[in-house]
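Here the structure is laid out as structure tokens; the discussion comes afterwards.
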Protein chains: 2
Amino acid sequence: MSVEHARSGDIVELDPAARTRLTGPVALVRDDRLEVMRWVLPAGRSVPEHLAYGPATIQCVAGDTLVRLAAGERRLQPGSLVYLAAGERHTLEALADSVLLVTMVLAVPAAGQGADLFARADRPHGERTDGGRS
Amino acid sequence: MSVEHARSGDIVELDPAARTRLTGPVALVRDDRLEVMRWVLPAGRSVPEHLAYGPATIQCVAGDTLVRLAAGERRLQPGSLVYLAAGERHTLEALADSVLLVTMVLAVPAAGQGADLFARADRPHGERTDGGRS
């Protein structure tokens, strides 16, 4: 049942071919301050608006994914990454079968290992709700 | 004089071709908890033993680099990364012109922005010195 994460010094393969056989996130590295995930998004799949509590990068290992931010849209293709400050809301939409490498700084250094890393942004605490729902 | 770091939402190119025109580290992303650097190592260049205060990953974007750790040697080639826990001492040696993407969690969340990120490991504080110098 348990997931095998890399130990310090382990080599981790980015594995662009993962898009042919997997869907969803797999944690490759997880310690008390850092998490690295491989996220496989089949073409047409979206990830609803969410945010990470710490800063993060999303790197495109394979495919073509659209990242929607408050500031606009970004196109993530192999060889590029997008930097997201802590709390930056975003959605993802795979335009082609995609493999993403998501690297997140965990916000709670010592106690948060079991905590959820993501918050759905549709009902953030203490924030305005300017969304389109009237 | 100032270096332009990515702002939240910015796309950053991994830029494997950087090995043809640059040497050394360039900070691509830097906030109070996360730093991402592109590090160009020409073939034959080494980085002496050092450690990061927070956990880190080193990804090979181009080339071929040897990572030496207490546990042994690791070969970093395009498509792979190595995970290093906080404080893991290591050296790097480029076997070919290499471009590395170094992602580090900064250890001092709020106050450390101007602090050195690396410690040379030859004289660590409060550690045994078992090194080869008699």
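Quick note on naming: the chains in the structure tokens go A, B, ... in the order shown, residues restart at 1 in each chain, and ligands are numbered from 1 in order of appearance.
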Next on the checklist: Could you tell me which residues of chain B sit within 10 Å of chain A when counting only C-alpha atoms, and give me the result as a PyMOL selection string?
Outcome noted: chain B and resi 6-16+28-36+54-59+61+67-86+88-90+103-107+109
Item to check | Shell around Val47 in chain A at 9 Å using only C-alpha atoms, local window under 4 positions removed, as a PyMOL selection string | outcome: chain A and resi 41+90-94
Item to check | Spatial neighbours of Met37 in chain B, max dist 6 Å, only C-alpha atoms, sep filter under 6 positions, as number ranges by chain | outcome: B: 26-28, 101-102
Item to check | Selection: 7 Å around Arg19 in chain A, only C-alpha atoms, excl. self and same-chain fewer than 4 positions, as a ChimeraX atom specification | outcome: /A:40,97-99
Dump all heavy atoms for the selected residues as a short mmCIF file (atom, residue, chain, number, x, y, z; two decimals), in the first residue's frame?
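Contents of out-v6.cif, as written:
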data_model
loop_
_atom_site.label_atom_id
_atom_site.label_comp_id
_atom_site.auth_asym_id
_atom_site.auth_seq_id
_atom_site.Cartn_x
_atom_site.Cartn_y
_atom_site.Cartn_z
N VAL A 40 0.56 12.88 -14.58
CA VAL A 40 0.21 12.52 -15.96
C VAL A 40 -1.21 12.98 -16.25
O VAL A 40 -2.15 12.60 -15.55
CB VAL A 40 0.33 11.00 -16.17
CG1 VAL A 40 -0.10 10.63 -17.59
CG2 VAL A 40 1.77 10.54 -15.92
N ASP A 97 -1.49 14.60 -24.47
CA ASP A 97 -1.07 13.74 -23.35
C ASP A 97 0.20 14.34 -22.75
O ASP A 97 1.18 14.54 -23.45
CB ASP A 97 -0.77 12.32 -23.85
CG ASP A 97 -2.02 11.57 -24.28
OD1 ASP A 97 -3.13 12.02 -23.98
OD2 ASP A 97 -1.85 10.53 -24.95
N SER A 98 0.17 14.62 -21.46
CA SER A 98 1.25 15.39 -20.85
C SER A 98 1.79 14.73 -19.59
O SER A 98 1.05 14.05 -18.87
CB SER A 98 0.75 16.80 -20.48
OG SER A 98 0.38 17.51 -21.65
N VAL A 99 3.06 14.92 -19.37
CA VAL A 99 3.71 14.53 -18.13
C VAL A 99 4.30 15.79 -17.51
O VAL A 99 5.10 16.48 -18.14
CB VAL A 99 4.83 13.49 -18.35
CG1 VAL A 99 5.51 13.13 -17.03
CG2 VAL A 99 4.28 12.25 -19.03
#
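Put simply, CA of Leu22 in chain A is 8.8 Å away from CA of Trp39 in chain A.
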Item to check | Interatomic distance (Å, one decimal) between CA of Thr23 in chain B and CA of Pro42 in chain B | outcome: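 One can read the CA of Thr23 in chain B to CA of Pro42 in chain B distance as 6.9 Å.
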